[in-house]
>>> print(open('input.txt').read())   # compact mmCIF, C-alpha atoms
# COMPACT_ATOMS: atom_id res chain seq x y z
CA MET A 1 0.00 0.00 0.00
CA HIS A 2 1.23 3.49 -0.84
CA SER A 3 0.54 6.26 1.64
CA PRO A 4 -1.49 9.15 0.13
CA THR A 5 0.73 11.58 2.01
CA THR A 6 4.08 10.51 0.57
CA ASN A 7 5.57 12.50 -2.27
CA ARG A 8 6.88 9.38 -3.92
CA SER A 9 3.64 7.58 -4.72
CA PRO A 10 0.62 9.87 -4.24
CA ALA A 11 -2.88 8.43 -4.29
CA MET A 12 -5.29 9.00 -7.18
CA GLU A 13 -8.30 11.04 -6.15
CA ASN A 14 -11.36 12.63 -7.72
CA TRP A 15 -11.00 16.32 -8.62
CA TYR A 16 -14.62 17.11 -7.73
CA ASP A 17 -13.68 16.38 -4.11
CA TYR A 18 -11.00 19.10 -4.29
CA PRO A 19 -12.78 22.32 -5.28
CA GLN A 20 -9.71 24.40 -4.50
CA TYR A 21 -7.84 22.79 -7.42
CA PHE A 22 -10.84 22.94 -9.71
CA ASP A 23 -11.14 26.63 -8.87
CA MET A 24 -7.50 27.38 -9.61
CA VAL A 25 -7.83 25.89 -13.09
CA PHE A 26 -10.41 28.49 -14.16
CA ARG A 27 -9.77 31.49 -11.90
CA ASP A 28 -7.89 33.45 -14.57
CA GLU A 29 -11.07 33.61 -16.67
CA THR A 30 -13.21 35.17 -13.94
CA ARG A 31 -12.65 38.87 -14.59
CA ALA A 32 -13.31 38.65 -18.34
CA GLU A 33 -16.47 36.64 -17.74
CA VAL A 34 -18.06 38.88 -15.13
CA GLU A 35 -17.26 42.03 -17.09
CA PHE A 36 -18.92 40.43 -20.11
CA PHE A 37 -21.97 39.57 -17.99
CA GLU A 38 -22.35 43.19 -16.94
CA GLN A 39 -21.92 44.41 -20.52
CA ALA A 40 -24.55 41.90 -21.66
CA PHE A 41 -26.98 43.13 -18.99
CA GLU A 42 -26.49 46.67 -20.26
CA ARG A 43 -26.87 45.73 -23.92
CA PHE A 44 -29.74 43.27 -23.74
CA ARG A 45 -31.61 44.59 -20.66
CA SER A 46 -30.75 48.29 -20.79
CA ASP A 47 -34.28 49.44 -19.95
CA VAL A 48 -34.64 47.53 -16.65
CA PRO A 49 -32.45 46.76 -13.62
CA THR A 50 -30.59 43.45 -13.51
CA THR A 51 -29.76 42.59 -9.92
CA LYS A 52 -31.12 39.10 -9.13
CA LEU A 53 -28.95 36.38 -10.71
CA LEU A 54 -28.82 32.56 -10.94
CA GLU A 55 -25.90 30.30 -11.78
CA PRO A 56 -26.93 26.67 -12.35
CA GLY A 57 -23.97 24.30 -12.01
CA CYS A 58 -22.04 26.90 -10.02
CA GLY A 59 -19.26 24.51 -8.95
CA SER A 60 -16.69 26.09 -6.65
CA GLY A 61 -18.44 29.43 -7.08
CA ARG A 62 -15.80 31.78 -8.46
CA LEU A 63 -18.46 33.57 -10.54
CA VAL A 64 -21.06 33.55 -7.76
CA ALA A 65 -18.56 35.12 -5.37
CA GLU A 66 -17.32 37.73 -7.83
CA MET A 67 -20.81 38.84 -8.89
CA ALA A 68 -21.97 38.91 -5.25
CA ALA A 69 -18.94 41.07 -4.40
CA ARG A 70 -20.09 43.50 -7.10
CA GLY A 71 -23.43 43.93 -5.35
CA TYR A 72 -25.68 41.47 -7.16
CA GLU A 73 -28.10 39.12 -5.42
CA LEU A 74 -26.84 35.63 -6.26
CA THR A 75 -28.25 32.12 -6.13
CA GLY A 76 -25.93 29.22 -6.98
CA LEU A 77 -27.15 25.68 -7.64
CA ASP A 78 -24.99 22.56 -7.92
CA LEU A 79 -25.23 18.80 -7.39
CA SER A 80 -21.87 18.57 -5.61
CA GLN A 81 -21.96 19.12 -1.86
CA PRO A 82 -18.15 19.50 -1.58
CA MET A 83 -18.32 22.30 -4.14
CA LEU A 84 -21.12 24.07 -2.26
CA ASP A 85 -19.31 23.64 1.07
CA TYR A 86 -16.19 25.21 -0.45
CA LEU A 87 -18.24 28.07 -1.86
CA ARG A 88 -19.93 28.68 1.48
CA LYS A 89 -16.53 29.05 3.16
CA ARG A 90 -15.33 31.34 0.36
CA LEU A 91 -18.34 33.62 0.80
CA ALA A 92 -17.82 33.74 4.57
CA ARG A 93 -14.14 34.55 4.12
CA ARG A 94 -14.97 37.44 1.80
CA LYS A 95 -17.91 38.54 4.01
CA ILE A 96 -20.41 38.40 1.15
CA ASP A 97 -23.75 36.61 0.85
CA ALA A 98 -25.38 34.29 -1.68
CA THR A 99 -28.08 31.64 -1.61
CA LEU A 100 -26.70 28.13 -2.23
CA VAL A 101 -28.90 25.22 -3.31
CA GLN A 102 -28.01 21.58 -3.87
CA GLY A 103 -30.11 20.42 -6.79
CA ASP A 104 -30.62 19.19 -10.34
CA MET A 105 -30.23 21.82 -13.08
CA THR A 106 -32.86 20.12 -15.25
CA LYS A 107 -35.64 20.71 -12.70
CA MET A 108 -35.32 23.91 -10.72
CA GLU A 109 -37.89 25.69 -8.58
CA PHE A 110 -37.26 28.99 -6.83
CA PRO A 111 -39.66 31.23 -4.93
CA GLU A 112 -39.04 34.28 -7.15
CA PRO A 113 -37.85 34.70 -10.74
CA PHE A 114 -34.41 36.00 -11.67
CA HIS A 115 -33.43 38.87 -13.96
CA ALA A 116 -30.62 36.87 -15.56
CA ALA A 117 -28.78 33.56 -15.37
CA PHE A 118 -25.40 32.36 -16.60
CA CYS A 119 -23.71 29.01 -17.18
CA THR A 120 -20.30 28.89 -18.85
CA PHE A 121 -17.34 26.61 -19.54
CA ASN A 122 -19.17 23.42 -20.58
CA THR A 123 -21.24 22.74 -17.46
CA PHE A 124 -24.22 22.50 -19.82
CA ARG A 125 -22.57 19.63 -21.68
CA HIS A 126 -22.82 17.42 -18.60
CA LEU A 127 -26.48 17.03 -19.60
CA LEU A 128 -26.10 13.95 -21.78
CA SER A 129 -29.47 13.77 -23.57
CA GLU A 130 -31.50 16.09 -25.73
CA ALA A 131 -34.39 15.69 -23.30
CA ASP A 132 -32.27 16.84 -20.35
CA ALA A 133 -30.82 19.76 -22.32
CA GLU A 134 -34.28 20.93 -23.32
CA SER A 135 -35.60 20.39 -19.78
CA HIS A 136 -32.78 22.55 -18.44
CA LEU A 137 -33.52 25.40 -20.86
CA ARG A 138 -37.23 25.27 -20.07
CA SER A 139 -36.51 25.20 -16.33
CA ILE A 140 -34.27 28.26 -16.71
CA ALA A 141 -37.04 30.02 -18.66
CA GLU A 142 -39.58 29.24 -15.96
CA ASN A 143 -37.30 30.91 -13.41
CA LEU A 144 -36.58 34.09 -15.42
CA VAL A 145 -38.68 37.22 -15.66
CA SER A 146 -40.01 38.13 -19.10
CA GLY A 147 -37.11 39.85 -20.84
CA GLY A 148 -34.57 38.10 -18.61
CA ILE A 149 -31.45 36.75 -20.29
CA TYR A 150 -29.54 33.50 -20.10
CA ILE A 151 -25.82 33.59 -20.92
CA LEU A 152 -24.87 30.05 -21.94
CA GLY A 153 -21.33 29.09 -22.92
CA PHE A 154 -19.97 25.78 -24.16
CA HIS A 155 -17.57 24.29 -26.70
CA CYS A 156 -19.01 23.26 -30.04
CA ILE A 157 -17.32 20.54 -32.06
CA PRO A 158 -16.00 21.42 -35.52
CA MET A 159 -16.61 18.92 -38.30
CA ASP A 160 -12.87 18.15 -38.44
CA ALA A 161 -12.45 17.73 -34.67
CA ASP A 162 -9.51 15.59 -33.52
CA PRO A 163 -11.04 12.67 -31.57
CA GLU A 164 -7.78 12.24 -29.61
CA SER A 165 -7.12 15.82 -28.54
CA THR A 166 -5.14 16.65 -25.39
CA GLU A 167 -4.80 20.00 -23.59
CA ARG A 168 -2.27 20.90 -20.91
CA TRP A 169 -1.77 23.99 -18.78
CA THR A 170 -0.45 25.15 -15.42
CA ALA A 171 -1.99 27.38 -12.74
CA SER A 172 -0.55 28.72 -9.48
CA HIS A 173 -2.03 30.41 -6.42
CA GLY A 174 -1.11 30.79 -2.77
CA GLY A 175 2.00 28.63 -3.01
CA THR A 176 0.23 25.74 -4.74
CA LYS A 177 1.04 24.86 -8.34
CA VAL A 178 -1.39 22.81 -10.40
CA HIS A 179 -0.60 20.97 -13.64
CA VAL A 180 -3.71 20.03 -15.63
CA THR A 181 -4.13 17.57 -18.49
CA LEU A 182 -7.45 17.12 -20.29
CA LYS A 183 -7.48 14.17 -22.68
CA VAL A 184 -10.30 12.83 -24.83
CA ILE A 185 -10.29 9.07 -24.21
CA ASP A 186 -13.47 8.23 -26.12
CA PHE A 187 -15.21 10.10 -28.93
CA ASN A 188 -18.44 9.01 -30.61
CA ARG A 189 -19.92 11.54 -33.01
CA ARG A 190 -22.90 9.33 -33.80
CA LYS A 191 -23.87 9.02 -30.12
CA ARG A 192 -22.90 12.68 -29.59
CA GLN A 193 -20.73 11.87 -26.62
CA GLU A 194 -17.07 12.15 -25.65
CA THR A 195 -15.35 11.04 -22.47
CA LEU A 196 -12.68 13.24 -20.93
CA ARG A 197 -9.97 12.24 -18.52
CA ALA A 198 -9.02 15.18 -16.31
CA SER A 199 -5.70 14.69 -14.52
CA ILE A 200 -4.31 17.18 -12.00
CA LYS A 201 -0.99 17.15 -10.22
CA ALA A 202 -1.09 19.68 -7.39
CA GLN A 203 2.04 20.50 -5.39
CA THR A 204 1.84 22.66 -2.27
CA ARG A 205 4.54 24.98 -0.98
CA SER A 206 5.56 22.28 1.52
CA GLY A 207 6.10 19.78 -1.30
CA LYS A 208 3.03 17.66 -0.67
CA ILE A 209 1.58 16.24 -3.90
CA HIS A 210 -1.97 15.29 -4.84
CA ARG A 211 -2.74 13.47 -8.05
CA VAL A 212 -6.38 13.93 -8.94
CA ARG A 213 -8.03 12.07 -11.80
CA SER A 214 -11.60 12.02 -13.07
CA GLU A 215 -13.22 10.57 -16.15
CA PHE A 216 -16.59 11.91 -17.23
CA PRO A 217 -18.78 12.04 -20.34
CA LEU A 218 -19.84 15.24 -22.10
CA ARG A 219 -22.45 15.73 -24.81
CA LEU A 220 -21.21 16.83 -28.22
CA TYR A 221 -22.69 19.79 -30.09
CA THR A 222 -22.02 21.13 -33.53
CA ILE A 223 -23.30 24.64 -34.21
CA ALA A 224 -26.14 23.11 -36.24
CA GLN A 225 -27.12 20.90 -33.28
CA ALA A 226 -27.03 23.88 -30.92
CA LYS A 227 -29.30 25.82 -33.29
CA SER A 228 -31.66 22.85 -33.47
CA LEU A 229 -31.90 22.70 -29.67
CA PHE A 230 -32.59 26.41 -29.41
CA ARG A 231 -35.38 26.10 -31.99
CA LYS A 232 -37.09 23.58 -29.70
CA VAL A 233 -37.44 26.24 -27.02
CA GLU A 234 -38.37 29.16 -29.29
CA ASP A 235 -41.67 29.41 -27.45
CA GLN A 236 -39.66 30.42 -24.35
CA PHE A 237 -36.42 31.98 -25.63
CA GLU A 238 -35.29 34.22 -28.45
CA LEU A 239 -31.63 33.90 -29.45
CA GLN A 240 -30.18 37.42 -29.30
CA ALA A 241 -26.52 36.96 -30.25
CA ALA A 242 -23.54 34.63 -30.19
CA TYR A 243 -20.02 35.43 -28.98
CA ASP A 244 -16.82 33.52 -28.33
CA PHE A 245 -14.57 33.11 -25.29
CA ASP A 246 -12.83 36.41 -26.07
CA TYR A 247 -15.88 37.99 -24.39
CA ASP A 248 -15.88 41.09 -26.59
CA ILE A 249 -19.41 42.51 -26.42
CA ASP A 250 -18.77 44.59 -29.56
CA GLU A 251 -17.75 41.55 -31.62
CA PRO A 252 -20.72 39.20 -32.00
CA ARG A 253 -19.97 36.05 -33.98
CA ARG A 254 -21.77 34.39 -36.84
CA MET A 255 -23.25 31.04 -35.86
CA ASP A 256 -21.25 28.95 -38.31
CA ASP A 257 -18.78 26.09 -38.05
CA ASP A 258 -15.93 28.49 -37.25
CA LEU A 259 -17.55 29.24 -33.88
CA VAL A 260 -16.08 26.66 -31.52
CA ASP A 261 -15.91 28.34 -28.10
CA ALA A 262 -19.46 29.67 -28.10
CA VAL A 263 -21.36 32.00 -25.77
CA PHE A 264 -25.06 32.41 -26.54
CA ILE A 265 -27.39 35.13 -25.29
CA LEU A 266 -30.95 33.83 -24.91
CA LYS A 267 -33.77 36.21 -23.97
CA ARG A 268 -36.94 35.08 -22.17
CA ARG A 269 -40.09 35.92 -24.11
>>> encode(input="input.txt", output="structure tokens")
Amino acid sequence: MHSPTTNRSPAMENWYDYPQYFDMVFRDETRAEVEFFEQAFERFRSDVPTTKLLEPGCGSGRLVAEMAARGYELTGLDLSQPMLDYLRKRLARRKIDATLVQGDMTKMEFPEPFHAAFCTFNTFRHLLSEADAESHLRSIAENLVSGGIYILGFHCIPMDADPESTERWTASHGGTKVHVTLKVIDFNRRKRQETLRASIKAQTRSGKIHRVRSEFPLRLYTIAQAKSLFRKVEDQFELQAAYDFDYDIDEPRRMDDDLVDAVFILKRR
């Protein structure tokens, strides 16, 4: 048996049980995202206040915390209790408030509607069926005021996608350095599903090492398939614009096969 505390042979663990590492991976995107959210509120809801916000699939809560710190009234929903526990401590540390709910993002009920909602960086693709994706969009619509907007971001798959792609990057914060590898280990265009292996090596200032590995499926979308899904909820939402992960509010993108890292603005009818 190898001890999980030795540097020589660290144990393999699930990254969803370590929100602090998950958070470090994406923290550099936070400022660009929240500034885009505020610009989108101004552009697509300029005639009414936007103060009450929902993030389904909020994870470790970097966006919930940042928007709450800017004075918005936030509700974050997630299935993972470790993620919500981490977020609760983060909010307490920063002395800010938000409502946290453990729940399913395909069936949400809240006492009052929201002015806007947001869900970025592929959380939506964890919904593995068309029925669940549509149920999620309809549940969001039911919890938005008329004229409310939903900012939905996820990767779309180009027709020439490499079924064996691998991404690597490094993040550091507070004396901890994290090396991340995302590898596609299964890709099935016909079934519209890929499986990712997420591997993290985290080394603390003291030299302690965690190796964290998760494998999980994600639903595949081409731009045409995203358009088809949005047409199914046209009774609830009107597609206002599409952007990419550059988050430039003045540079909307055409919804064609060149749009891979997509951010959609949906407006509640």
>>> closest_residue(input="input.txt", among="A:Leu127, A:Leu218, A:Cys58, A:Ile209", to="Glu194 in chain A", atoms="all atoms listed in the file")
A:Leu218
>>> closest_residue(input="input.txt", among="A:Arg269, A:Glu33, A:Glu38, A:Val145", to="Leu239 in chain A", atoms="all atoms listed in the file")
A:Arg269
>>> atom_distance(input="input.txt", atom1="CA of Arg43 in chain A", atom2="CA of Gly76 in chain A")
23.7 Å
>>> atom_distance(input="input.txt", atom1="CA of Phe216 in chain A", atom2="CA of Ser60 in chain A")
17.7 Å
>>> closest_residue(input="input.txt", among="A:Leu53, A:Leu144, A:Leu87, A:Leu152", to="Phe230 in chain A", atoms="only C-alpha atoms")
A:Leu152
>>> closest_residue(input="input.txt", among="A:Val34, A:Ile96, A:Ile151, A:Val25", to="Gly71 in chain A", atoms="all atoms listed in the file")
A:Ile96
>>> residues_around(input="input.txt", residues="Lys201 in chain A", least_positions_apart="4", cutoff="8 Å", atoms="only C-alpha atoms", output="list in words")
Val178, His179, Val180, Ile209, His210, Arg211 and Val212 of chain A
>>> atom_distance(input="input.txt", atom1="CA of Phe245 in chain A", atom2="CA of Phe187 in chain A")
23.3 Å
>>> residues_around(input="input.txt", residues="Thr166 in chain A", least_positions_apart="2", cutoff="8 Å", atoms="only C-alpha atoms", output="MDAnalysis selection string")
chainID A and resid 164 168 181:184
>>> residues_around(input="input.txt", residues="Asn122 in chain A", least_positions_apart="4", cutoff="8 Å", atoms="only C-alpha atoms", output="NGL selection string")
:A and (126 or 153-155)
>>> write_last_selection(input="input.txt", atoms="C-alpha atoms", output="PDB file, keeping the file's coordinate frame")
ATOM      1  CA  HIS A 126     -22.820  17.420 -18.600  1.00  0.00           C
ATOM      2  CA  GLY A 153     -21.330  29.090 -22.920  1.00  0.00           C
ATOM      3  CA  PHE A 154     -19.970  25.780 -24.160  1.00  0.00           C
ATOM      4  CA  HIS A 155     -17.570  24.290 -26.700  1.00  0.00           C
TER       5      HIS A 155
END
>>> axis_aligned_box(input="input.txt", around="range 39-45 of chain A", padding_each_side="8 Å", output="JSON")
{"center_x": -26.8, "center_y": 44.3, "center_z": -21.5, "size_x": 25.7, "size_y": 20.8, "size_z": 20.9}
>>> closest_residue(input="input.txt", among="A:Gln240, A:Gln225, A:Asn143, A:Gln39", to="Pro158 in chain A", atoms="all atoms listed in the file")
A:Gln225
>>> closest_residue(input="input.txt", among="A:Ala68, A:Leu63, A:Val48, A:Cys156", to="His115 in chain A", atoms="all atoms listed in the file")
A:Val48
>>> closest_atom_pairs(input="input.txt", of="range 193-239 of chain A", to="range 252-256 of chain A", cutoff="12 Å", atoms="only C-alpha atoms", output="Markdown table")
| residue | atom | partner | partner_atom | distance |
| --- | --- | --- | --- | --- |
| A:Thr222 | CA | A:Asp256 | CA | 9.2 |
| A:Ile223 | CA | A:Asp256 | CA | 6.3 |
| A:Ala224 | CA | A:Asp256 | CA | 7.9 |
| A:Gln225 | CA | A:Met255 | CA | 11.2 |
| A:Ala226 | CA | A:Met255 | CA | 9.5 |
| A:Lys227 | CA | A:Met255 | CA | 8.4 |
| A:Ser228 | CA | A:Met255 | CA | 12.0 |
| A:Leu239 | CA | A:Met255 | CA | 10.9 |
>>> residues_near_point(input="input.txt", point="(-28.5, 22.7, -1.7)", cutoff="10 Å", atoms="all atoms listed in the file", output="JSON, numbers by chain")
{"A": [76, 77, 78, 79, 80, 81, 84, 85, 99, 100, 101, 102, 103, 104]}
>>> residues_around(input="input.txt", residues="Thr51 in chain A", least_positions_apart="3", cutoff="9 Å", atoms="all atoms listed in the file", output="PyMOL selection string")
chain A and resi 71-74+114-116
>>> write_last_selection(input="input.txt", atoms="C-alpha atoms", output="JSON list (two decimals), in the coordinates of the input")
[["chain", "number", "residue", "atom", "x", "y", "z"],
["A", 71, "GLY", "CA", -23.43, 43.93, -5.35],
["A", 72, "TYR", "CA", -25.68, 41.47, -7.16],
["A", 73, "GLU", "CA", -28.10, 39.12, -5.42],
["A", 74, "LEU", "CA", -26.84, 35.63, -6.26],
["A", 114, "PHE", "CA", -34.41, 36.00, -11.67],
["A", 115, "HIS", "CA", -33.43, 38.87, -13.96],
["A", 116, "ALA", "CA", -30.62, 36.87, -15.56]]
>>> residues_around(input="input.txt", residues="Tyr18 in chain A", least_positions_apart="5", cutoff="9 Å", atoms="all atoms listed in the file", output="PyMOL selection string")
chain A and resi 13+23+82-83+86+212
>>> build_atoms(input="input.txt", residues="range 25-36 of chain A", atoms="all heavy atoms", output="tab-separated table (two decimals), in the coordinates of the input")
chain	number	residue	atom	x	y	z
A	25	VAL	N	-7.92	26.16	-11.65
A	25	VAL	CA	-7.83	25.89	-13.09
A	25	VAL	C	-8.50	26.99	-13.90
A	25	VAL	O	-8.04	27.36	-14.99
A	25	VAL	CB	-8.45	24.52	-13.40
A	25	VAL	CG1	-8.55	24.30	-14.90
A	25	VAL	CG2	-7.63	23.41	-12.76
A	26	PHE	N	-9.60	27.55	-13.37
A	26	PHE	CA	-10.41	28.49	-14.16
A	26	PHE	C	-10.38	29.93	-13.63
A	26	PHE	O	-11.00	30.80	-14.22
A	26	PHE	CB	-11.86	28.00	-14.21
A	26	PHE	CG	-12.01	26.66	-14.88
A	26	PHE	CD1	-12.33	25.53	-14.13
A	26	PHE	CD2	-11.82	26.52	-16.24
A	26	PHE	CE1	-12.46	24.30	-14.74
A	26	PHE	CE2	-11.96	25.29	-16.85
A	26	PHE	CZ	-12.27	24.17	-16.11
A	27	ARG	N	-9.68	30.18	-12.54
A	27	ARG	CA	-9.77	31.49	-11.90
A	27	ARG	C	-9.32	32.63	-12.80
A	27	ARG	O	-9.83	33.75	-12.70
A	27	ARG	CB	-8.99	31.51	-10.58
A	27	ARG	CG	-7.52	31.31	-10.71
A	27	ARG	CD	-6.81	31.28	-9.34
A	27	ARG	NE	-6.94	32.55	-8.67
A	27	ARG	CZ	-7.46	32.71	-7.45
A	27	ARG	NH1	-7.88	31.67	-6.78
A	27	ARG	NH2	-7.56	33.90	-6.92
A	28	ASP	N	-8.39	32.38	-13.71
A	28	ASP	CA	-7.89	33.45	-14.57
A	28	ASP	C	-8.94	33.97	-15.55
A	28	ASP	O	-8.79	35.04	-16.12
A	28	ASP	CB	-6.66	32.98	-15.36
A	28	ASP	CG	-5.42	32.85	-14.48
A	28	ASP	OD1	-5.46	33.33	-13.33
A	28	ASP	OD2	-4.44	32.24	-14.92
A	29	GLU	N	-10.02	33.20	-15.75
A	29	GLU	CA	-11.07	33.61	-16.67
A	29	GLU	C	-12.12	34.50	-16.01
A	29	GLU	O	-12.94	35.11	-16.69
A	29	GLU	CB	-11.78	32.37	-17.25
A	29	GLU	CG	-10.86	31.32	-17.84
A	29	GLU	CD	-10.13	31.82	-19.07
A	29	GLU	OE1	-10.67	32.71	-19.76
A	29	GLU	OE2	-9.02	31.31	-19.34
A	30	THR	N	-12.10	34.57	-14.68
A	30	THR	CA	-13.21	35.17	-13.94
A	30	THR	C	-13.47	36.62	-14.32
A	30	THR	O	-14.61	37.01	-14.60
A	30	THR	CB	-12.96	35.06	-12.43
A	30	THR	OG1	-12.79	33.68	-12.08
A	30	THR	CG2	-14.12	35.64	-11.65
A	31	ARG	N	-12.44	37.45	-14.35
A	31	ARG	CA	-12.65	38.87	-14.59
A	31	ARG	C	-13.28	39.12	-15.96
A	31	ARG	O	-14.23	39.91	-16.09
A	31	ARG	CB	-11.34	39.63	-14.46
A	31	ARG	CG	-11.50	41.13	-14.66
A	31	ARG	CD	-10.21	41.89	-14.39
A	31	ARG	NE	-10.38	43.31	-14.61
A	31	ARG	CZ	-9.43	44.21	-14.41
A	31	ARG	NH1	-8.24	43.82	-13.97
A	31	ARG	NH2	-9.66	45.49	-14.64
A	32	ALA	N	-12.76	38.45	-16.98
A	32	ALA	CA	-13.31	38.65	-18.34
A	32	ALA	C	-14.77	38.22	-18.40
A	32	ALA	O	-15.60	38.88	-19.04
A	32	ALA	CB	-12.48	37.87	-19.36
A	33	GLU	N	-15.09	37.13	-17.72
A	33	GLU	CA	-16.47	36.64	-17.74
A	33	GLU	C	-17.43	37.61	-17.07
A	33	GLU	O	-18.48	37.96	-17.64
A	33	GLU	CB	-16.55	35.26	-17.09
A	33	GLU	CG	-15.97	34.15	-17.91
A	33	GLU	CD	-16.09	32.81	-17.21
A	33	GLU	OE1	-17.12	32.14	-17.41
A	33	GLU	OE2	-15.17	32.44	-16.47
A	34	VAL	N	-17.11	38.03	-15.86
A	34	VAL	CA	-18.06	38.88	-15.13
A	34	VAL	C	-18.21	40.24	-15.80
A	34	VAL	O	-19.30	40.83	-15.79
A	34	VAL	CB	-17.70	39.01	-13.64
A	34	VAL	CG1	-17.72	37.65	-12.96
A	34	VAL	CG2	-16.36	39.67	-13.43
A	35	GLU	N	-17.14	40.76	-16.37
A	35	GLU	CA	-17.26	42.03	-17.09
A	35	GLU	C	-18.14	41.86	-18.32
A	35	GLU	O	-18.94	42.74	-18.66
A	35	GLU	CB	-15.87	42.56	-17.46
A	35	GLU	CG	-15.11	43.06	-16.24
A	35	GLU	CD	-13.73	43.60	-16.57
A	35	GLU	OE1	-13.31	43.49	-17.75
A	35	GLU	OE2	-13.07	44.14	-15.66
A	36	PHE	N	-18.03	40.71	-18.97
A	36	PHE	CA	-18.92	40.43	-20.11
A	36	PHE	C	-20.37	40.32	-19.65
A	36	PHE	O	-21.28	40.83	-20.31
A	36	PHE	CB	-18.49	39.14	-20.80
A	36	PHE	CG	-19.38	38.74	-21.94
A	36	PHE	CD1	-19.25	39.34	-23.18
A	36	PHE	CD2	-20.35	37.76	-21.77
A	36	PHE	CE1	-20.07	38.98	-24.24
A	36	PHE	CE2	-21.18	37.39	-22.82
A	36	PHE	CZ	-21.04	38.00	-24.06
